[in-house]
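Asker: Sharing protein06.cif (mmCIF, C-alpha atoms) below.
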data_my_file
#
loop_
_atom_site.label_atom_id
_atom_site.label_comp_id
_atom_site.auth_asym_id
_atom_site.auth_seq_id
_atom_site.Cartn_x
_atom_site.Cartn_y
_atom_site.Cartn_z
CA MET A 158 -20.65 42.31 7.68
CA ASN A 159 -22.71 40.26 10.07
CA LYS A 160 -20.57 38.32 12.61
CA GLY A 161 -22.69 35.20 12.17
CA LEU A 162 -22.23 35.27 8.42
CA LEU A 163 -18.48 35.79 8.83
CA ALA A 164 -18.26 32.86 11.24
CA ALA A 165 -20.24 30.65 8.83
CA LEU A 166 -17.93 31.64 5.98
CA ALA A 167 -14.84 30.85 8.06
CA LEU A 168 -16.29 27.50 9.11
CA SER A 169 -17.14 26.68 5.49
CA VAL A 170 -13.57 27.41 4.37
CA ILE A 171 -12.16 25.21 7.15
CA VAL A 172 -14.48 22.32 6.28
CA ASN A 173 -13.68 22.59 2.57
CA VAL A 174 -9.92 22.64 3.17
CA PHE A 175 -10.21 19.63 5.47
CA ALA A 176 -12.39 17.75 2.97
CA ILE A 177 -10.02 18.42 0.06
CA GLY A 178 -7.02 17.34 2.14
CA PHE A 179 -8.77 14.24 3.40
CA ILE A 180 -10.01 13.16 -0.02
CA SER A 181 -6.69 13.80 -1.72
CA GLY A 182 -4.87 11.94 1.06
CA ARG A 183 -7.14 8.92 0.64
CA LEU A 184 -6.63 8.99 -3.11
CA LEU A 185 -2.88 9.22 -2.76
CA THR A 186 -2.41 6.56 -0.12
CA HIS A 187 -4.72 4.02 -1.74
CA GLY A 188 -4.35 4.88 -5.39
CA GLY A 189 -2.27 3.25 -8.06
CA PRO A 190 -1.55 -0.36 -8.81
CA PRO A 191 0.70 -2.41 -6.54
CA ALA A 192 4.19 -3.17 -7.67
CA PRO A 193 4.48 -6.14 -10.06
CA GLY A 194 4.56 -9.39 -8.12
CA LEU A 195 3.04 -7.90 -4.96
CA GLU A 196 -0.62 -8.18 -5.91
CA ARG A 197 -0.98 -11.69 -4.52
CA ILE A 198 1.21 -11.36 -1.44
CA GLY A 199 -0.14 -8.38 0.35
CA GLY A 200 0.10 -5.73 -2.34
CA GLY A 201 0.87 -2.08 -2.02
CA ALA A 202 3.76 -0.39 -0.36
CA GLY A 203 3.74 -2.58 2.75
CA GLY A 204 3.26 -5.93 1.01
CA GLY A 205 6.82 -7.08 1.52
CA MET A 206 6.86 -6.28 5.19
CA ARG A 207 3.48 -7.91 5.71
CA MET A 208 5.02 -11.11 4.40
CA LEU A 209 7.13 -11.24 7.59
CA ARG A 210 4.10 -12.35 9.59
CA HIS A 211 3.79 -15.51 7.50
CA THR A 212 7.36 -16.72 7.90
CA ASP A 213 6.54 -18.97 10.86
CA VAL A 214 5.84 -21.77 8.37
CA LEU A 215 9.53 -21.81 7.37
CA PRO A 216 12.24 -23.76 9.22
CA GLU A 217 13.78 -21.48 11.86
CA GLU A 218 17.17 -20.95 10.16
CA ARG A 219 15.51 -20.20 6.80
CA ARG A 220 12.96 -17.96 8.47
CA GLU A 221 15.65 -15.71 9.90
CA ALA A 222 17.55 -15.55 6.58
CA PHE A 223 14.34 -14.56 4.79
CA ARG A 224 13.52 -11.90 7.38
CA GLU A 225 17.03 -10.46 7.22
CA ALA A 226 16.89 -10.26 3.43
CA LEU A 227 13.64 -8.30 3.66
CA ARG A 228 14.94 -6.05 6.41
CA ALA A 229 18.18 -5.22 4.58
CA GLY A 230 16.51 -2.39 2.70
CA MET A 231 14.66 -0.97 5.71
CA PRO A 232 16.89 2.10 6.32
CA ALA A 233 16.51 3.25 2.72
CA MET A 234 12.77 2.52 2.82
CA ARG A 235 12.35 4.61 5.98
CA GLU A 236 14.08 7.54 4.32
CA GLN A 237 11.91 7.07 1.26
CA ARG A 238 8.74 7.06 3.40
CA ARG A 239 9.82 10.41 4.86
CA GLU A 240 10.25 11.78 1.35
CA ILE A 241 6.81 10.47 0.32
CA ARG A 242 5.24 12.16 3.35
CA ARG A 243 6.99 15.41 2.41
CA LEU A 244 5.80 15.14 -1.19
CA ARG A 245 2.25 14.28 -0.06
CA ARG A 246 2.20 17.42 2.13
CA ALA A 247 3.45 19.50 -0.82
CA TYR A 248 0.71 18.06 -3.03
CA ASN A 249 -1.99 18.71 -0.41
CA GLU A 250 -0.75 22.27 0.04
CA ALA A 251 -0.79 22.82 -3.73
CA LEU A 252 -4.38 21.55 -3.89
CA VAL A 253 -5.62 24.18 -1.44
CA ALA A 254 -3.27 27.01 -2.41
CA ASP A 255 -4.68 30.40 -3.21
CA PRO A 256 -4.18 31.39 -5.94
CA TRP A 257 -4.76 28.05 -7.62
CA ASP A 258 -2.00 26.92 -10.00
CA ARG A 259 -2.78 23.78 -11.97
CA ALA A 260 0.84 23.37 -13.14
CA THR A 261 2.06 23.36 -9.52
CA VAL A 262 -0.58 20.82 -8.51
CA GLU A 263 0.26 18.52 -11.43
CA LYS A 264 4.01 18.80 -10.74
CA ALA A 265 3.47 17.97 -7.05
CA ARG A 266 1.29 14.99 -8.00
CA SER A 267 3.83 13.79 -10.56
CA ASP A 268 6.70 14.03 -8.05
CA LEU A 269 4.68 12.09 -5.47
CA GLN A 270 3.68 9.37 -7.93
CA ALA A 271 7.27 8.98 -9.14
CA GLU A 272 8.51 8.50 -5.57
CA GLN A 273 5.72 6.00 -4.84
CA THR A 274 6.73 4.07 -7.96
CA ARG A 275 10.34 4.00 -6.72
CA GLN A 276 9.10 2.77 -3.35
CA HIS A 277 7.09 -0.05 -4.93
CA LYS A 278 10.13 -1.08 -6.96
CA MET A 279 12.33 -1.07 -3.86
CA ILE A 280 9.87 -3.27 -1.96
CA GLY A 281 9.49 -5.59 -4.95
CA ASP A 282 13.29 -5.90 -5.23
CA ALA A 283 13.51 -6.74 -1.51
CA MET A 284 10.84 -9.43 -1.96
CA ILE A 285 12.64 -10.94 -4.94
CA ASN A 286 15.95 -10.96 -3.03
CA ALA A 287 14.31 -12.65 -0.04
CA PHE A 288 12.44 -15.24 -2.12
CA GLU A 289 15.58 -16.00 -4.10
CA GLN A 290 17.14 -17.46 -0.95
CA LEU A 291 14.35 -19.98 -0.46
CA THR A 292 13.95 -23.41 -1.99
CA PRO A 293 11.00 -23.96 -4.36
CA GLU A 294 9.20 -25.87 -1.59
CA GLU A 295 9.75 -23.06 0.93
CA ARG A 296 8.53 -20.45 -1.56
CA ALA A 297 5.38 -22.48 -2.20
CA LEU A 298 4.82 -23.00 1.53
CA LEU A 299 5.19 -19.28 2.26
CA MET A 300 2.85 -18.31 -0.57
CA GLU A 301 0.25 -20.86 0.53
CA GLU A 302 0.35 -19.43 4.06
CA ALA A 303 -0.06 -15.89 2.75
CA GLN A 304 -3.01 -16.96 0.58
CA ARG A 305 -4.58 -18.88 3.45
CA HIS A 306 -4.33 -15.79 5.65
CA ARG A 307 -5.96 -13.62 2.97
CA GLY A 308 -8.79 -16.11 2.64
CA LYS A 309 -9.46 -16.02 6.39
CA LYS A 310 -9.58 -12.25 6.37
CA TRP A 311 -12.14 -12.21 3.58
CA ARG A 312 -14.29 -14.92 5.14
CA ARG A 313 -14.34 -13.05 8.45
CA ARG A 314 -15.88 -10.09 6.64
CA GLY A 315 -18.39 -12.39 4.98
CA GLU A 316 -17.05 -11.63 1.54
CA PHE A 317 -15.78 -13.82 -1.25
CA GLY A 318 -13.03 -11.56 -2.54
CA PRO A 319 -11.34 -8.25 -1.85
CA ARG A 320 -14.24 -6.29 -3.36
CA GLY A 321 -17.05 -8.44 -2.01
CA ASP A 322 -17.35 -10.34 -5.29
CA LYS A 323 -19.71 -13.29 -5.34
CA PRO A 324 -18.30 -16.69 -6.28
CA PRO A 325 -18.60 -17.41 -10.00
CA SER A 326 -21.66 -19.37 -11.04
CA PRO A 327 -21.01 -22.93 -12.17
CA PRO A 328 -21.15 -23.43 -15.94
CA PRO A 329 -24.48 -24.60 -17.27
CA GLU A 330 -24.75 -28.33 -17.61
CA GLU A 331 -24.90 -29.68 -21.10
CA GLY A 332 -27.51 -32.22 -21.65
#
Would you mind writing the file out in structure tokens?
Answerer:
Amino acid sequence: MNKGLLAALALSVIVNVFAIGFISGRLLTHGGPPAPGLERIGGGAGGGMRMLRHTDVLPEERREAFREALRAGMPAMREQRREIRRLRRAYNEALVADPWDRATVEKARSDLQAEQTRQHKMIGDAMINAFEQLTPEERALLMEEAQRHRGKKWRRRGEFGPRGDKPPSPPPEEG
């Protein structure tokens, strides 16, 4: 077999494996809905920890109590992140395995999604525990700050919303 053709074949296999791994990784890390209650406060797996950057609006003693409540679950969350990375690797390996086994791929995906769901629940529980310690006024203040921050981020990109939505048109005037 021609050496050039063999090299092209090898390069093609490498590119395809990389592309499949990259695409599946993007789908896995950005797929799925955020945990209930996290959509408006940062969303996704890191939403609770992102809330820490907004705590400066709270009185100092309340700020530290809120931060500690969020951080209480950190050791378990770190271990869970390791498990998610392991499961993501197993899924990626199953996607490019030869011979292909659909049942193995689906099992690996199911295991990964189940662990991600547990992670979202754990983060949501930490958020609820932290917010429970605040007064209604402090909760509102913290949420306003988080929303204000999100608005700045979108305006910097010149967008209206997270997907670049245009503002809704005003209703037609009756006359």
Asker: With distances taken over only C-alpha atoms, which of A:Leu269, A:Met279, A:Leu215, A:Leu162 is nearest to Ala229 of chain A?
Answerer: A:Met279
Asker: Mind pulling up the distance from atom CA of Leu168 of chain A to atom CA of Asn249 of chain A?
Answerer: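 Distance between the two atoms: 19.3 Å.
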Asker: Let me know the residues the PyMOL selection byres ((chain A and resi 286-294) around 6) catches in the file above, as number ranges by chain.
Answerer: A: 223, 226-227, 283-285, 295-297
Asker: Hey, can you check how far atom CA of Ser267 of chain A sits from atom CA of Glu240 of chain A?
Answerer: 13.7 Å
Asker: May I ask for the distance between atom CA of Gln304 of chain A and atom CA of Gln270 of chain A, given in Å to one decimal place?
Answerer: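 Atom CA of Gln270 of chain A lies at a distance of 28.5 Å from atom CA of Gln304 of chain A.
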